[in-house]
Amino acid sequence: MKIAAPLLLALLLAACGRQLPAGTDELIFASPYSPGHPFSRADRTWMAFVAERSGGSLLVRPNWSGGMISSDESMTELRHGVADVGLITPIYVKGGAHLLRIQTGFYTGARSIEDQVALYRCMAASEPEFDRELSGLRVLAVQGGVLPGIITRGRQVRSLDDLKGLRIRAPTELLAVLRELGADPVNMPMGDVYSALAKGVIDGVVAPPDTFQSLHFAEVARFFFQVEIPRGAYPARAISERRWRALSPEHRAILTEGVAVWEAALAEENRKAVDVGNRIAHKEGMVFSRISAADQARFDAVYTRGAENSVGNLQRYGIDGRRAYQVARSSITPGGVRCAKGKS
């Protein structure tokens, strides 16, 4: 997106911390990722939209690389005003986002990023617990992703049996699945994975091919097992409710309009990164192995069983996740995602 020169100058001045012109508002944006990461490129597309759409009256000043916000405490930090807007990762939060974490395991059959985002919204509209766990925040973008496989450091995985004994970083919804398949799964922020792989702390990671480029995994791993693993969507960018209320109605309208812009940019950058990541992986000599049809069917069965068990486990937190799960299963159709109503 091209920005008029005066607006670009205003944006650069804001980024340098200069005094803003009268009548101009500024939002501080924080991310744990570097400015060159695909997520950050999408963030910058959104910032340019906000500047241009507001005529320069609303600017965003970024803070990158975890200087202001972390991966596992991002929601709390944003609620307390560490930044105005930020990248949030409820899938890493240790408490208070139980359904947001678990629901990422309900996406079997939602293969495109757009279907993943649509399915998240179907569930969020049907289950008030989503809003309760997001209390104090207003979501500005929901993020999906390309389906991941399993990247390993020193042992090639050709079948599910080869996973036995491997210590693998995985998202919450896959911990029980990998454990049942004989692996030793762990959960950690993606920003910690490179060093853990390099040091041999973990043997592998569940991740899509874009991480060969965006997180440089091709430097510390040699193999990629192409198992089709469902990928969930989650609220990934938010503004604190307090800062939202302080904005003018005109600026709130721009941020509402910007939700679609941000989500489209995230999807585009994600797909571009996959293409680049695959090229880098092949250049680095990484070995790709494709799963057999029998093993894929076995994985799918274990995955579905794990999702159903996780719904029951939510009861320990006083959360009934059945409605969200039923909506997810009923909303995925051969023609795409069409929201279905859950049963109480």
# chains A, B, ... in the order shown; residues from 1 in each chain; ligands from 1
>>> residues_around(residues="Gln226 of chain A", least_positions_apart="6", cutoff="9 Å", atoms="only C-alpha atoms", output="list in words")
Pro148, Gly149, Ile150, Ile151, Arg158, Phe288, Ser289, Arg290 and Ile291 of chain A
>>> select_by_dssp(residues="segment 86-283 of chain A", states="strand (DSSP E or B)", output="ChimeraX atom specification")
/A:86-87,137-143,149-152,167-169,184-186,204-207,223-226,234-240
>>> closest_atom_pairs(of="segment 242-288 of chain A", to="segment 53-71 of chain A", cutoff="12 Å", atoms="only C-alpha atoms", output="CSV")
residue,atom,partner,partner_atom,distance
A:Leu247,CA,A:Leu58,CA,9.5
A:Ser248,CA,A:Leu58,CA,10.0
A:Pro249,CA,A:Ser54,CA,11.8
A:Glu250,CA,A:Ser54,CA,8.3
A:His251,CA,A:Leu58,CA,7.0
A:Arg252,CA,A:Leu58,CA,10.2
A:Ala253,CA,A:Ser54,CA,9.9
A:Ile254,CA,A:Arg53,CA,7.0
A:Leu255,CA,A:Arg53,CA,9.6
A:Thr256,CA,A:Arg53,CA,11.7
A:Glu257,CA,A:Arg53,CA,9.5
A:Gly258,CA,A:Arg53,CA,9.2
A:Val261,CA,A:Arg53,CA,11.5
>>> write_last_selection(atoms="N, CA and C atoms", output="compact mmCIF listing (two decimals), in the first residue's frame")
# COMPACT_ATOMS: atom_id res chain seq x y z
N LEU A 247 -10.15 6.52 22.53
CA LEU A 247 -10.06 6.97 21.14
C LEU A 247 -11.35 7.68 20.72
N SER A 248 -11.24 8.51 19.71
CA SER A 248 -12.43 9.16 19.16
C SER A 248 -13.26 8.13 18.39
N PRO A 249 -14.56 8.37 18.21
CA PRO A 249 -15.38 7.45 17.42
C PRO A 249 -14.83 7.26 16.00
N GLU A 250 -14.25 8.31 15.44
CA GLU A 250 -13.70 8.20 14.09
C GLU A 250 -12.50 7.25 14.06
N HIS A 251 -11.65 7.33 15.06
CA HIS A 251 -10.49 6.46 15.10
C HIS A 251 -10.89 5.02 15.43
N ARG A 252 -11.90 4.85 16.27
CA ARG A 252 -12.38 3.49 16.54
C ARG A 252 -12.94 2.86 15.27
N ALA A 253 -13.62 3.67 14.46
CA ALA A 253 -14.18 3.16 13.20
C ALA A 253 -13.06 2.72 12.26
N ILE A 254 -11.96 3.45 12.24
CA ILE A 254 -10.83 3.08 11.38
C ILE A 254 -10.21 1.76 11.84
N LEU A 255 -10.07 1.60 13.15
CA LEU A 255 -9.51 0.34 13.65
C LEU A 255 -10.44 -0.83 13.38
N THR A 256 -11.74 -0.59 13.44
CA THR A 256 -12.69 -1.65 13.10
C THR A 256 -12.57 -2.03 11.63
N GLU A 257 -12.46 -1.03 10.78
CA GLU A 257 -12.27 -1.28 9.35
C GLU A 257 -10.94 -1.99 9.11
N GLY A 258 -9.97 -1.70 9.95
CA GLY A 258 -8.63 -2.28 9.77
C GLY A 258 -8.52 -3.74 10.14
N VAL A 261 -8.18 -5.66 7.01
CA VAL A 261 -6.90 -5.34 6.39
C VAL A 261 -5.77 -6.13 7.06
>>> atom_distance(atom1="atom CA of Thr104 of chain A", atom2="atom CA of Ala233 of chain A")
6.2 Å
>>> closest_residue(among="A:Pro128, A:Glu77, A:Ser31, A:Gly145", to="Glu268 of chain A", atoms="only C-alpha atoms")
A:Gly145
>>> atom_distance(atom1="atom CA of Gln143 of chain A", atom2="atom CA of Val157 of chain A")
28.7 Å
>>> residues_around(residues="His98 of chain A", least_positions_apart="4", cutoff="12 Å", atoms="only C-alpha atoms", output="ChimeraX atom specification")
/A:90-94,102-104,129-130,132-134,172-173,310-311,313-321
>>> residues_around(residues="Ala141 of chain A", least_positions_apart="4", cutoff="9 Å", atoms="only C-alpha atoms", output="compact mmCIF listing (two decimals) with N, CA and C atoms, in the first residue's frame")
# COMPACT_ATOMS: atom_id res chain seq x y z
N TYR A 234 -6.61 -18.06 16.31
CA TYR A 234 -6.72 -17.47 17.65
C TYR A 234 -6.62 -15.95 17.53
N PRO A 235 -7.16 -15.23 18.50
CA PRO A 235 -7.01 -13.77 18.49
C PRO A 235 -5.55 -13.42 18.69
N ALA A 236 -4.98 -12.66 17.75
CA ALA A 236 -3.53 -12.47 17.73
C ALA A 236 -3.09 -11.01 17.82
N ARG A 237 -3.99 -10.06 17.61
CA ARG A 237 -3.66 -8.65 17.78
C ARG A 237 -4.81 -8.00 18.55
N ALA A 238 -4.49 -7.16 19.50
CA ALA A 238 -5.54 -6.56 20.32
C ALA A 238 -5.11 -5.20 20.83
N GLY A 258 -9.97 -1.70 9.95
CA GLY A 258 -8.63 -2.28 9.77
C GLY A 258 -8.52 -3.74 10.14
N VAL A 259 -9.53 -4.32 10.80
CA VAL A 259 -9.48 -5.74 11.15
C VAL A 259 -9.30 -6.59 9.90
N ALA A 260 -10.12 -6.36 8.89
CA ALA A 260 -10.03 -7.13 7.65
C ALA A 260 -8.69 -6.89 6.95
N VAL A 261 -8.18 -5.66 7.01
CA VAL A 261 -6.90 -5.34 6.39
C VAL A 261 -5.77 -6.13 7.06
N TRP A 262 -5.79 -6.15 8.38
CA TRP A 262 -4.74 -6.83 9.14
C TRP A 262 -4.79 -8.34 8.90
N GLU A 263 -5.99 -8.91 8.92
CA GLU A 263 -6.12 -10.35 8.73
C GLU A 263 -5.70 -10.78 7.32
N LEU A 266 -1.88 -10.67 7.20
CA LEU A 266 -1.29 -11.81 7.89
C LEU A 266 -1.36 -13.07 7.03
>>> select_by_dssp(residues="segment 79-291 of chain A", states="helix (DSSP H, G or I)", output="PyMOL selection string")
chain A and resi 79+98-105+113-126+129-133+160-163+172-180+190-199+211-214+217-219+241-246+249-283
>>> closest_atom_pairs(of="segment 56-166 of chain A", to="segment 179-201 of chain A", cutoff="6 Å", atoms="only C-alpha atoms", output="JSON lines")
{"residue": "A:Leu163", "atom": "CA", "partner": "A:Ala183", "partner_atom": "CA", "distance": 5.4}
{"residue": "A:Lys164", "atom": "CA", "partner": "A:Gly182", "partner_atom": "CA", "distance": 4.3}
{"residue": "A:Gly165", "atom": "CA", "partner": "A:Ala183", "partner_atom": "CA", "distance": 4.9}
{"residue": "A:Leu166", "atom": "CA", "partner": "A:Ala183", "partner_atom": "CA", "distance": 5.0}
>>> write_last_selection(atoms="N, CA and C atoms", output="short mmCIF file (atom, residue, chain, number, x, y, z; two decimals), in the first residue's frame")
data_model
loop_
_atom_site.label_atom_id
_atom_site.label_comp_id
_atom_site.auth_asym_id
_atom_site.auth_seq_id
_atom_site.Cartn_x
_atom_site.Cartn_y
_atom_site.Cartn_z
N LEU A 163 8.38 -41.30 15.93
CA LEU A 163 8.26 -40.20 16.89
C LEU A 163 8.58 -40.64 18.31
N LYS A 164 8.61 -41.93 18.55
CA LYS A 164 8.80 -42.44 19.91
C LYS A 164 10.11 -41.94 20.51
N GLY A 165 10.00 -41.37 21.70
CA GLY A 165 11.16 -40.91 22.44
C GLY A 165 11.65 -39.53 22.06
N LEU A 166 11.12 -38.93 21.00
CA LEU A 166 11.58 -37.60 20.59
C LEU A 166 10.94 -36.52 21.45
#
>>> closest_residue(among="A:Thr24, A:Thr108, A:Ser292, A:Ser74", to="Pro230 of chain A", atoms="only C-alpha atoms")
A:Thr108
>>> residues_around(residues="Asn270 of chain A", least_positions_apart="5", cutoff="8 Å", atoms="only C-alpha atoms", output="PDB file with N, CA and C atoms, in the first residue's frame")
ATOM      1  N   PRO A  38       7.688 -12.162   9.039  1.00  0.00           N
ATOM      2  CA  PRO A  38       6.447 -12.038   8.254  1.00  0.00           C
ATOM      3  C   PRO A  38       5.282 -11.448   9.038  1.00  0.00           C
ATOM      4  N   PHE A  39       5.144 -11.816  10.321  1.00  0.00           N
ATOM      5  CA  PHE A  39       4.083 -11.224  11.133  1.00  0.00           C
ATOM      6  C   PHE A  39       4.253  -9.708  11.195  1.00  0.00           C
ATOM      7  N   GLY A 145      -3.204 -20.065   9.993  1.00  0.00           N
ATOM      8  CA  GLY A 145      -1.892 -20.357   9.431  1.00  0.00           C
ATOM      9  C   GLY A 145      -1.887 -21.563   8.523  1.00  0.00           C
ATOM     10  N   VAL A 146      -0.788 -21.726   7.825  1.00  0.00           N
ATOM     11  CA  VAL A 146      -0.588 -22.874   6.944  1.00  0.00           C
ATOM     12  C   VAL A 146      -0.432 -24.125   7.803  1.00  0.00           C
ATOM     13  N   ASP A 210       7.068 -22.164   6.663  1.00  0.00           N
ATOM     14  CA  ASP A 210       7.514 -20.762   6.679  1.00  0.00           C
ATOM     15  C   ASP A 210       8.564 -20.505   7.743  1.00  0.00           C
TER      16      ASP A 210
END
>>> atom_distance(atom1="atom CA of Phe299 of chain A", atom2="atom CA of Arg271 of chain A")
24.8 Å
